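What follows is a short report on a single structure.
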Amino acid sequence: MSAIQTAPEHAKSRDIRNRWLLSFPALLIIFVAAIGPLFVMLVYSFLAKGDYGDVKPWEFSTEGWFSVFFERDIFDDTFGLASAHLSIIWRSLKLSFYTTILTLILGFPTAYFIATRPQKTREIWVFLITIPFWTNLLIRTFAMQQVIRNEGIVNNLLTWLGVIKSPLQIIYTDTATLLGMAYVYLPLMVLPLYASIEKLDFRLVEAGYDLYASRLQVLWRIVIPLVKPGLIAGSILVFIPSLGAYVIPRVLGGGKNMMLGNLIEMQFGAGRNWPLGAAMSITLMILVTLALVFYVRNASKSGAGHV
Amino acid sequence: MSNRRFDIQSQPGFGLIAMITFFALYLPIAALVAYSFNASDSLSVWGGFSFRWFVAASHNLAVQDAAIRSLIIALWAAGLATITATMAALATTRTEGYRGLTLKYAAINQPLMVPEIVTAVALLIVFSRIKVWTGYSGLGYLIAAHTAFCIPFAYLPIRARLESMDLTLERAAADLYATPWRAFRYVTLPLLRPAIIAGFMLAFVISLDDVVITEFVKSGGQDTLPTYMLGQIRRETTPEINAIASIFLALSTVLIVVFFFINRRKPQA
C-alpha cells in the first residue's frame with residue numbers, strides 16, 4: 001500500500017493539499033450542524049436563563065449546572081438534592097442496564113444459534129435480524145404500543161384465555177419502556193455477538209468435551225470468554241442509545257415515566273430553562289463517554305477482535 | 001467434526017430462545033401491518049378486511065405534504081452526504097497516516113457518538129438563533145442537520161470499498177499518462193460505484209427515519225412523515241396511522257433489501 005510514496009516533493013505537497021480540500025466539505029457540514037452546536041451548548045450551560053426560554057446573552061451563571069443536581073427551597077433558600085432530576089437520571093441508568101441484560105439473555109442464544117447454522121441458511125437468519133433493525137424506530141415503538149396496550153394483543157389474548165379478568169396495565173409504566181427499548185435495540189446486541197461467535201474455533205469446544213467438561217462448563221469457561229469482545233460490544237451498543245432514548249419513553253412510558261432524554265426536552269419546552277437543559281445534555285454526554293471509555297479499555301484488554 | 005452423535009456446537013434451549021426472539025421481533029410489526037387492513041374505526045376491534053385506511057391516508061393532505069417533504073429532505077441530505085463522504089473517503093484512505101487523520105475519523109464519526117437528543121437540542125439552540133438573525137426558516141436547516149448525521153453512514157461503506165480496492169489499475173492508468181482526474185473518472189469511480197450506491201441508500205433510509213433531530217429543528221408546518229406520526233400517536237389514533245406506517249415500512253424494507261443485494265455482490269477487484 002505504501003509503494004507509491006516515491007513521488008517527488010511537489011507531488012507530495014499537492015497530495016496533502018488535495019486530501020484537505022477533499023475532506024473539507026464533509027468536515028464543514030459536520031462542524032456546522034453537529035460539533036459546533038455542541039460547543040455553543042456548552043457555553044449556554046453557563047449562562048443565565050432567559051425569562052421566556054433561551055438565555056440572557058453574556059450573563060454568566062452556574063445556576064444551570066447547580067440545578068442538575070440540587071434545588072433551592074423557595075421559602076427559606078436552603079438547598080437539597082434535586083430528587084426529581086436524580087430519580088430520572090437513576091431511572092435512565094437502571095432501565096438502560098436492564099435493557100442490556102434483557103437483550104443479552106435473548107440475544108446471546110440467538111446469535112449462537114445463527115452462527116452455528118450452515119453457511120447458506122446463516123445469511124438468511126442474519127437478514128431476518130437486519131430487517132427490523134432498519135425499520136423506522138418510531139414505527140417499531142408504535143408497533144410495540146399495539147402489543148402492550150390495554151386493548152392490545154397481549155391483554156386480549158390473556159383475557160380470551162381466561163388468565164386475567166381486567167387488562168394488565170403495562171403501557172405507561174417503566175416496564176413498557178423497558179420492553180420497548182429491548183425490542184428496538186435487540187439487533188444491536190445480536191449482530192456483534194454473531195460476528196464474534198462466528199469466528200469461534202469450535203476445536204477448542206471439542207477439546208473441552210474431550211476433557212470431560214459438561215455443556216454448561218464449556219459454555220461458561222470456553223465459549224463466553226472467547227466471545228467476550230462481542231459481548232462487550234453488543235452491551236455497549238445497546239446501553240448507549242438506551243441511555244439517550246427519547247422517543248420510546250415518550251410513546252410507551254407516558255408523561256410520568258420520563259428518562260433523561262425527555263427531561264432534557266422538557267427544559268427546552270415547557271420548562272423554559274435552556275441552561276439547565278444544556279447542562280443536562282452535557283451530563284448525558286459524560287455518562288455516554290464514560291460507558292465508551294469502559295468499553296475501549298475492556299476491548300483492548302481482551303484483544304483486538306472487537307467489531 | 002460435525003454430524004457425530006454428539007453435536008459439539010449445540011447448546012440445549014438456544015434454538016428455542018432464538019425462535020422466541022424471531023417471533024418477538026416480527027409479531028409487533030406483523031400486527032401493525034395486519035391492523036392497517038382493519039375495516040373498523042377502532043385499533044383493537046377487528047371489523048373485517050379493507051383498504052379504506054390506505055385510501056384515507058393517501059387522500060390526507062397533511063400526510064401527502066409530510067411524505068413529499070420527507071422525500072425532498074432525504075434526497076438532498078443523502079445526495080450531499082454521499083458526495084462529501086466520497087470525497088472525504090478518498091482523502092482518508094490509501095494514504096499513510098498523517099497528522100489530522102485520526103481527528104478526521106473522529107469528526108466524521110462524531111454524529112454516531114453523541115445521543116440524538118443532545119444533538120437535537122444543540123441544533124435547536126443554534127438554529128433558532130440563526131432563524132432570528134437571518135429571518136430564513138426554510139428546509140435548509142433540516143437538510144443541513146440530516147446531511148451531517150448521514151455523512152458517517154455514507155462514508156463507512158465507501159471507505160471500506162476503497163480500502164479493499166487494488167491500486168494496480170489506477171497505477172496502470174497513471175502509467176498510461178491518464179491525468180489524476182481521468183484515472184479517477186474512468187477507473188476508480190466505476191469500481192467504487194456499488195459502494196457509493198450503497199452509501200447513498202443507507203443515508204437515504206437514515207434521513208427518512210429520523211424523528212428526534214427533525215422534531216427539534218423543524219419550523220412550524222415542516223412535519224416529515226415520522227414527526228407527523230409522532231404527533232398523531234399522542235392523540236387517540238385510528239387505523240389510518242397503521243396504514244401510513246405500513247406504507248413507510250414497505251418502502252424502507254424495499255430499500256434495505258436492494259441495499260443488501262448490492263452489498264452482497266462483492267466484485268473482486
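Identifiers in the C-alpha cells: chain A, B, ... in order shown; residue index from 1 per chain; ligand index from 1 in order shown.
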Hey, which bits of chain B sit within 7 Å of chain A, and for each residue what's the closest pair of atoms and how far apart in Å (one decimal), counting only C-alpha atoms, rows by chain and increasing number, as a Markdown table?
| residue | atom | partner | partner_atom | distance |
| --- | --- | --- | --- | --- |
| B:Ile8 | CA | A:Glu206 | CA | 6.3 |
| B:Gln9 | CA | A:Thr116 | CA | 6.6 |
| B:Phe14 | CA | A:Pro109 | CA | 4.7 |
| B:Gly15 | CA | A:Phe113 | CA | 5.8 |
| B:Ile17 | CA | A:Pro109 | CA | 6.3 |
| B:Ala18 | CA | A:Thr110 | CA | 4.1 |
| B:Thr21 | CA | A:Leu106 | CA | 6.4 |
| B:Leu25 | CA | A:Tyr183 | CA | 6.9 |
| B:Pro28 | CA | A:Ala143 | CA | 5.0 |
| B:Ile29 | CA | A:Ala143 | CA | 5.6 |
| B:Leu32 | CA | A:Ala143 | CA | 5.6 |
| B:Ser44 | CA | A:Glu151 | CA | 6.0 |
| B:Thr84 | CA | A:Ala26 | CA | 4.9 |
| B:Ala85 | CA | A:Ala26 | CA | 6.1 |
| B:Met87 | CA | A:Leu22 | CA | 5.0 |
| B:Ala88 | CA | A:Ser23 | CA | 4.0 |
| B:Ala91 | CA | A:Arg19 | CA | 4.3 |
| B:Arg94 | CA | A:Met1 | CA | 6.8 |
| B:Glu96 | CA | A:Ser2 | CA | 6.9 |
| B:Ala107 | CA | A:Leu27 | CA | 6.9 |
| B:Ile108 | CA | A:Leu27 | CA | 6.8 |
| B:Pro111 | CA | A:Ala34 | CA | 6.6 |
| B:Val114 | CA | A:Met285 | CA | 6.7 |
| B:Pro115 | CA | A:Gly244 | CA | 5.4 |
| B:Ile117 | CA | A:Gly261 | CA | 6.1 |
| B:Val118 | CA | A:Ser281 | CA | 5.4 |
| B:Thr119 | CA | A:Ala34 | CA | 6.4 |
| B:Ala122 | CA | A:Pro37 | CA | 5.1 |
| B:Leu123 | CA | A:Pro37 | CA | 5.8 |
| B:Val126 | CA | A:Pro37 | CA | 6.0 |
| B:Ala144 | CA | A:Ala33 | CA | 6.3 |
| B:Ala145 | CA | A:Ala33 | CA | 5.3 |
| B:Ala148 | CA | A:Ile30 | CA | 4.9 |
| B:Asp209 | CA | A:Asn136 | CA | 5.2 |
| B:Ala245 | CA | A:Ile139 | CA | 6.2 |
| B:Leu249 | CA | A:Thr135 | CA | 6.5 |
| B:Ser252 | CA | A:Thr135 | CA | 6.7 |
| B:Thr253 | CA | A:Ile131 | CA | 6.8 |
d(CA of Ile236 (chain A), CA of Arg91 (chain A)) in Å: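 Going from CA of Ile236 (chain A) over to CA of Arg91 (chain A), I get 17.7 Å.
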DSSP on the backbone, then: every residue of region 182-222 of chain A marked helix (DSSP H, G or I), written as a ChimeraX atom specification. /A:182-198,202-210,215-222
Taking N, CA, C and O atoms for each residue, export the selection above as a tab-separated table (two decimals), in the first residue's frame.
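Final file, part_15.tsv:
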chain	number	residue	atom	x	y	z
A	182	ALA	N	-35.81	-2.87	24.75
A	182	ALA	CA	-35.24	-4.19	24.45
A	182	ALA	C	-35.64	-4.62	23.03
A	182	ALA	O	-34.82	-5.13	22.27
A	183	TYR	N	-36.89	-4.36	22.68
A	183	TYR	CA	-37.37	-4.73	21.36
A	183	TYR	C	-36.61	-3.98	20.27
A	183	TYR	O	-36.14	-4.57	19.29
A	184	VAL	N	-36.47	-2.68	20.47
A	184	VAL	CA	-35.88	-1.85	19.42
A	184	VAL	C	-34.37	-2.09	19.30
A	184	VAL	O	-33.83	-2.10	18.19
A	185	TYR	N	-33.69	-2.30	20.42
A	185	TYR	CA	-32.22	-2.39	20.37
A	185	TYR	C	-31.69	-3.82	20.31
A	185	TYR	O	-30.47	-4.01	20.24
A	186	LEU	N	-32.57	-4.81	20.33
A	186	LEU	CA	-32.12	-6.20	20.29
A	186	LEU	C	-31.15	-6.52	19.14
A	186	LEU	O	-30.12	-7.16	19.36
A	187	PRO	N	-31.44	-6.07	17.91
A	187	PRO	CA	-30.50	-6.38	16.82
A	187	PRO	C	-29.09	-5.85	17.08
A	187	PRO	O	-28.11	-6.45	16.64
A	188	LEU	N	-28.99	-4.73	17.81
A	188	LEU	CA	-27.67	-4.17	18.11
A	188	LEU	C	-26.87	-5.11	19.01
A	188	LEU	O	-25.66	-5.03	19.07
A	189	MET	N	-27.55	-5.96	19.74
A	189	MET	CA	-26.88	-6.95	20.57
A	189	MET	C	-26.53	-8.18	19.74
A	189	MET	O	-25.42	-8.71	19.83
A	190	VAL	N	-27.46	-8.62	18.92
A	190	VAL	CA	-27.27	-9.88	18.19
A	190	VAL	C	-26.14	-9.76	17.16
A	190	VAL	O	-25.30	-10.66	17.06
A	191	LEU	N	-26.10	-8.65	16.42
A	191	LEU	CA	-25.15	-8.57	15.31
A	191	LEU	C	-23.67	-8.65	15.73
A	191	LEU	O	-22.94	-9.48	15.20
A	192	PRO	N	-23.22	-7.85	16.70
A	192	PRO	CA	-21.81	-8.02	17.11
A	192	PRO	C	-21.52	-9.36	17.77
A	192	PRO	O	-20.45	-9.92	17.58
A	193	LEU	N	-22.50	-9.88	18.52
A	193	LEU	CA	-22.32	-11.19	19.14
A	193	LEU	C	-22.15	-12.26	18.06
A	193	LEU	O	-21.29	-13.13	18.15
A	194	TYR	N	-22.98	-12.16	17.03
A	194	TYR	CA	-22.90	-13.11	15.93
A	194	TYR	C	-21.52	-13.05	15.27
A	194	TYR	O	-20.90	-14.08	15.02
A	195	ALA	N	-21.05	-11.81	15.02
A	195	ALA	CA	-19.74	-11.65	14.38
A	195	ALA	C	-18.66	-12.34	15.20
A	195	ALA	O	-17.73	-12.94	14.68
A	196	SER	N	-18.80	-12.24	16.52
A	196	SER	CA	-17.82	-12.83	17.43
A	196	SER	C	-17.91	-14.36	17.45
A	196	SER	O	-16.90	-15.05	17.38
A	197	ILE	N	-19.13	-14.86	17.59
A	197	ILE	CA	-19.32	-16.32	17.73
A	197	ILE	C	-18.97	-17.02	16.41
A	197	ILE	O	-18.45	-18.13	16.41
A	198	GLU	N	-19.22	-16.33	15.29
A	198	GLU	CA	-18.92	-16.93	14.00
A	198	GLU	C	-17.43	-17.26	13.88
A	198	GLU	O	-17.06	-18.21	13.22
A	202	PHE	N	-14.31	-23.96	17.01
A	202	PHE	CA	-15.02	-25.00	17.75
A	202	PHE	C	-14.13	-26.19	18.11
A	202	PHE	O	-14.56	-27.08	18.85
A	203	ARG	N	-12.89	-26.18	17.61
A	203	ARG	CA	-11.97	-27.23	18.07
A	203	ARG	C	-11.69	-27.09	19.55
A	203	ARG	O	-11.46	-28.07	20.25
A	204	LEU	N	-11.72	-25.83	20.02
A	204	LEU	CA	-11.49	-25.60	21.46
A	204	LEU	C	-12.65	-26.16	22.27
A	204	LEU	O	-12.46	-26.70	23.36
A	205	VAL	N	-13.85	-26.03	21.71
A	205	VAL	CA	-15.03	-26.58	22.38
A	205	VAL	C	-14.91	-28.10	22.43
A	205	VAL	O	-15.15	-28.74	23.46
A	206	GLU	N	-14.48	-28.67	21.31
A	206	GLU	CA	-14.31	-30.12	21.23
A	206	GLU	C	-13.29	-30.59	22.26
A	206	GLU	O	-13.50	-31.59	22.96
A	207	ALA	N	-12.20	-29.82	22.36
A	207	ALA	CA	-11.17	-30.17	23.34
A	207	ALA	C	-11.76	-30.15	24.74
A	207	ALA	O	-11.46	-31.03	25.57
A	208	GLY	N	-12.62	-29.19	24.98
A	208	GLY	CA	-13.28	-29.10	26.28
A	208	GLY	C	-14.08	-30.35	26.60
A	208	GLY	O	-13.97	-30.92	27.68
A	209	TYR	N	-14.85	-30.79	25.60
A	209	TYR	CA	-15.66	-32.01	25.81
A	209	TYR	C	-14.77	-33.24	26.00
A	209	TYR	O	-15.07	-34.11	26.81
A	210	ASP	N	-13.66	-33.26	25.23
A	210	ASP	CA	-12.74	-34.40	25.37
A	210	ASP	C	-12.18	-34.48	26.77
A	210	ASP	O	-11.82	-35.56	27.25
A	215	ARG	N	-21.77	-29.44	29.25
A	215	ARG	CA	-22.19	-28.38	28.33
A	215	ARG	C	-22.11	-27.00	28.98
A	215	ARG	O	-21.67	-26.04	28.37
A	216	LEU	N	-22.57	-26.96	30.21
A	216	LEU	CA	-22.56	-25.69	30.91
A	216	LEU	C	-21.13	-25.18	31.14
A	216	LEU	O	-20.85	-23.99	30.97
A	217	GLN	N	-20.24	-26.09	31.49
A	217	GLN	CA	-18.83	-25.70	31.71
A	217	GLN	C	-18.20	-25.21	30.41
A	217	GLN	O	-17.45	-24.23	30.41
A	218	VAL	N	-18.52	-25.91	29.31
A	218	VAL	CA	-17.98	-25.49	28.02
A	218	VAL	C	-18.47	-24.08	27.69
A	218	VAL	O	-17.70	-23.21	27.28
A	219	LEU	N	-19.76	-23.87	27.91
A	219	LEU	CA	-20.33	-22.57	27.61
A	219	LEU	C	-19.69	-21.47	28.46
A	219	LEU	O	-19.29	-20.42	27.98
A	220	TRP	N	-19.58	-21.76	29.74
A	220	TRP	CA	-19.15	-20.74	30.69
A	220	TRP	C	-17.64	-20.50	30.63
A	220	TRP	O	-17.19	-19.37	30.78
A	221	ARG	N	-16.85	-21.57	30.43
A	221	ARG	CA	-15.41	-21.42	30.55
A	221	ARG	C	-14.68	-21.40	29.22
A	221	ARG	O	-13.50	-21.07	29.17
A	222	ILE	N	-15.37	-21.75	28.13
A	222	ILE	CA	-14.70	-21.70	26.83
A	222	ILE	C	-15.38	-20.69	25.90
A	222	ILE	O	-14.75	-19.75	25.44
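Residues lying within 12 Å of Ile247 (chain B), counting only C-alpha atoms and ignoring same-chain neighbours fewer than 2 positions away, are Thr135, Asn136 and Ile139 of chain A; Leu32, Val33, Ser36, Phe37, Trp53, Phe54, Val55, Ala57, Ser58, Val63, Ala67, Leu225, Glu240, Ile241, Asn242, Ala243, Ile244, Ala245, Leu249, Ala250, Leu251, Ser252, Thr253 and Val254 of chain B.
Our summary of the geometry notes that CA of Ile213 (chain B) is positioned 20.6 Å from CA of Gly199 (chain B).
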Do you have the CA of Leu192 (chain B)-CA of Arg161 (chain B) distance handy?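 Separation between CA of Leu192 (chain B) and CA of Arg161 (chain B): 6.8 Å.
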When you count only C-alpha atoms, which of these residues is closest to His85 (chain A): A:Gly50, A:Glu71, A:Pro225, A:Arg122?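 Closest to His85 (chain A) of all the choices is A:Glu71.
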Given only C-alpha atoms as the basis, pick out the residue of B:Trp46, B:Trp133, B:Phe204, B:Phe127 nearest to Cys150 (chain B). B:Phe204
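Using only C-alpha atoms, the smallest distance between any of B:Gln232, B:Thr86, B:Thr134, B:Thr179 and Phe200 (chain B) comes from B:Thr86.
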Write out as JSON, numbers by chain the set of residues from region 67-276 of chain A that DSSP, computed on the backbone, places in strand (DSSP E or B). {"A": [70, 71, 72, 79, 80, 81]}
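If only C-alpha atoms are the atoms counted, then among B:Ala39, B:Ile68, B:Phe248, B:Trp181 the closest residue to Ala56 (chain B) is B:Ala39.
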Which residues are close to Leu139 (chain B), i.e. within 9 Å by only C-alpha atoms, leaving aside same-chain residues fewer than 5 positions away? Reply as a PyMOL selection string. chain B and resi 69+73+144+218-219+222
Any chance you can output those residues with N, CA and C atoms as a compact mmCIF listing (two decimals), in the first residue's frame?
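Result file is out-v3.txt:
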# COMPACT_ATOMS: atom_id res chain seq x y z
N ARG B 69 -42.27 16.14 1.77
CA ARG B 69 -41.19 16.84 2.46
C ARG B 69 -40.11 15.85 2.90
N ILE B 73 -36.19 16.12 1.64
CA ILE B 73 -35.09 16.23 2.59
C ILE B 73 -34.14 15.05 2.45
N ALA B 144 -29.39 20.56 6.28
CA ALA B 144 -28.04 20.61 6.86
C ALA B 144 -27.90 19.59 7.99
N LYS B 218 -37.18 21.43 13.02
CA LYS B 218 -38.19 21.91 12.08
C LYS B 218 -38.85 23.20 12.56
N SER B 219 -39.22 24.02 11.60
CA SER B 219 -40.03 25.19 11.92
C SER B 219 -41.48 24.79 11.82
N GLN B 222 -43.50 22.22 9.22
CA GLN B 222 -42.50 21.45 8.46
C GLN B 222 -42.44 20.00 8.90
For region 165-174 of chain B, list every protein, DNA or RNA residue within 7 Å, evaluated using only C-alpha atoms, and leave out those in the same chain fewer than 5 positions away; present the list as a ChimeraX atom specification. /B:179,183,187-188,269
